[in-house]
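Next up, final-v4.txt (compact mmCIF, C-alpha atoms):
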```
# COMPACT_ATOMS: atom_id res chain seq x y z
CA MET A 26 258.89 115.56 -90.90
CA THR A 27 257.71 115.52 -87.29
CA LYS A 28 257.85 112.33 -85.31
CA LYS A 29 254.47 110.91 -84.39
CA ILE A 30 253.99 110.07 -80.75
CA LYS A 31 251.75 107.23 -79.69
CA ILE A 32 249.32 107.97 -76.88
CA SER A 33 250.61 104.89 -75.06
CA GLU A 34 254.06 106.53 -74.96
CA LEU A 35 252.84 109.71 -73.24
CA PRO A 36 253.47 110.02 -69.51
CA VAL A 37 250.47 109.59 -67.23
CA PHE A 38 249.17 112.92 -65.95
CA ASP A 39 249.07 113.12 -62.15
CA ALA A 40 247.53 116.29 -60.73
CA ALA A 41 249.21 115.53 -57.38
CA GLU A 42 252.51 116.65 -58.92
CA TYR A 43 251.10 120.17 -59.46
CA LEU A 44 249.75 120.93 -55.98
CA PRO A 45 252.73 122.41 -54.13
CA ASP A 46 250.90 124.46 -51.46
CA GLU A 47 247.58 125.23 -49.76
CA GLN A 48 246.70 127.91 -52.32
CA ALA A 49 247.04 125.51 -55.25
CA ILE A 50 245.11 122.85 -53.31
CA ALA A 51 242.30 125.30 -52.49
CA GLU A 52 242.02 126.41 -56.13
CA TYR A 53 241.98 122.81 -57.35
CA LEU A 54 239.29 121.78 -54.87
CA THR A 55 237.21 124.87 -55.68
CA ILE A 56 237.21 123.99 -59.37
CA VAL A 57 236.26 120.39 -58.62
CA MET A 58 233.45 121.42 -56.26
CA GLU A 59 231.95 123.60 -59.00
CA GLU A 60 231.24 120.34 -60.84
CA ASN A 61 228.80 119.41 -58.03
CA ASP A 62 229.90 115.77 -58.25
CA PRO A 63 230.54 114.06 -54.88
CA ALA A 64 232.60 111.29 -56.51
CA ALA A 65 234.81 113.86 -58.23
CA LEU A 66 235.33 115.65 -54.91
CA ALA A 67 236.30 112.39 -53.19
CA ASP A 68 238.74 111.63 -56.01
CA ALA A 69 240.19 115.17 -55.85
CA LEU A 70 240.66 114.90 -52.08
CA GLY A 71 242.45 111.61 -52.70
CA THR A 72 244.73 113.32 -55.23
CA VAL A 73 245.49 116.11 -52.76
CA ALA A 74 246.13 113.60 -49.96
CA ARG A 75 248.61 111.77 -52.21
CA ALA A 76 250.30 115.10 -52.97
CA ARG A 77 250.74 115.74 -49.24
CA GLY A 78 251.48 112.16 -48.27
CA MET A 79 248.70 109.71 -47.56
CA THR A 80 250.24 108.49 -44.31
CA GLU A 81 250.63 112.03 -42.96
CA ILE A 82 247.05 112.97 -43.89
CA ALA A 83 245.69 109.76 -42.41
CA LYS A 84 247.41 110.47 -39.08
CA ALA A 85 246.34 114.13 -39.05
CA SER A 86 242.73 113.24 -39.83
CA GLY A 87 242.53 110.39 -37.34
CA LEU A 88 241.82 107.81 -40.04
CA THR A 89 243.78 104.72 -41.00
CA ARG A 90 245.53 104.78 -44.36
CA GLU A 91 243.26 101.98 -45.56
CA ALA A 92 240.12 103.87 -44.52
CA LEU A 93 241.44 107.03 -46.18
CA TYR A 94 242.17 105.22 -49.45
CA LYS A 95 238.72 103.60 -49.35
CA ALA A 96 236.90 106.86 -48.58
CA LEU A 97 238.72 108.86 -51.27
CA ARG A 98 238.76 106.45 -54.16
CA PRO A 99 237.01 107.43 -57.39
CA ALA A 100 233.24 106.87 -57.27
CA SER A 101 233.14 106.73 -53.47
CA GLN A 102 230.70 108.79 -51.46
CA PRO A 103 232.43 109.63 -48.18
CA ARG A 104 230.53 111.02 -45.23
CA PHE A 105 230.73 114.75 -44.63
CA GLU A 106 232.61 114.10 -41.38
CA THR A 107 235.33 112.33 -43.35
CA ILE A 108 235.56 115.16 -45.88
CA SER A 109 235.73 117.71 -43.08
CA ARG A 110 238.50 115.82 -41.25
CA VAL A 111 240.52 115.39 -44.44
CA CYS A 112 240.14 119.07 -45.36
CA ALA A 113 241.33 120.08 -41.87
CA ALA A 114 244.34 117.76 -42.21
CA LEU A 115 245.11 119.33 -45.60
CA GLY A 116 244.92 122.86 -44.23
CA VAL A 117 241.90 123.90 -46.30
CA LYS A 118 238.26 124.55 -45.45
CA LEU A 119 235.06 124.38 -47.40
CA VAL A 120 233.34 127.74 -47.79
CA ALA A 121 229.79 128.53 -48.89
CA VAL A 122 229.23 131.36 -51.35
CA PRO A 123 226.02 132.53 -53.05
CA ALA A 124 225.29 130.44 -56.15
CA HIS A 125 224.15 133.51 -58.09
CA GLY A 126 225.82 136.81 -57.74
```

As a first step, turn the structure in this file into structure tokens.
Amino acid sequence: MTKKIKISELPVFDAAEYLPDEQAIAEYLTIVMEENDPAALADALGTVARARGMTEIAKASGLTREALYKALRPASQPRFETISRVCAALGVKLVAVPAHG
């Protein structure tokens, strides 16, 4: 007989543990942006910033750690300038492509 596992006993999934390089980060952010949900993008950028080190990203983007956490929390709606600065600090850029084609 197989042992039943309770959901409460499962480890918490953290996407930050699976983003080892810029390529993985770019693919992750691309998938999230396809959702067209600003809050999801802010949350994903927060996940990526944690993967890289929040303090390092805050310094590289010119933001305080507190401001970075606040801007990238779930359900936040950061300004485009903030998103742009964080992306630059992460080593990725946002790219426009035709929606149909």

_Distance criterion (only C-alpha atoms): nearest to Pro99 (chain A) out of A:Ala41, A:Met58, A:Gln48, A:Ala64_ = A:Ala64

_Spatial neighbours of region 82-89 of chain A, 6 Å, all atoms listed in the file, chain gap at least 4 places, as a VMD selection string_ = chain A and resid 110 to 111 114

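With CA of Pro45 (chain A) on one side and CA of Gly71 (chain A) on the other, the separation reads 15.0 Å.
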
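Minimum distance to Leu93 (chain A) across A:Leu70, A:Ala113, A:Ala121, A:Ala49 (counting all atoms listed in the file) occurs at A:Leu70.
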
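Pairwise distance (CA of Pro103 (chain A), CA of Asp62 (chain A)) equals 12.1 Å.
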
*To one decimal place, how far is CA of Ala76 (chain A) from CA of Glu47 (chain A) in Å?*
11.0 Å

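Checking A:Arg104, A:Lys118, A:His125, A:Lys31 one by one against Pro63 (chain A), counting all atoms listed in the file, you find the shortest gap at A:Arg104.
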
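Compared by their closest atoms to Thr72 (chain A), and using all atoms listed in the file, the residues A:Ile32, A:Ala40, A:Ala92, A:Ala100 rank with A:Ala40 nearest.
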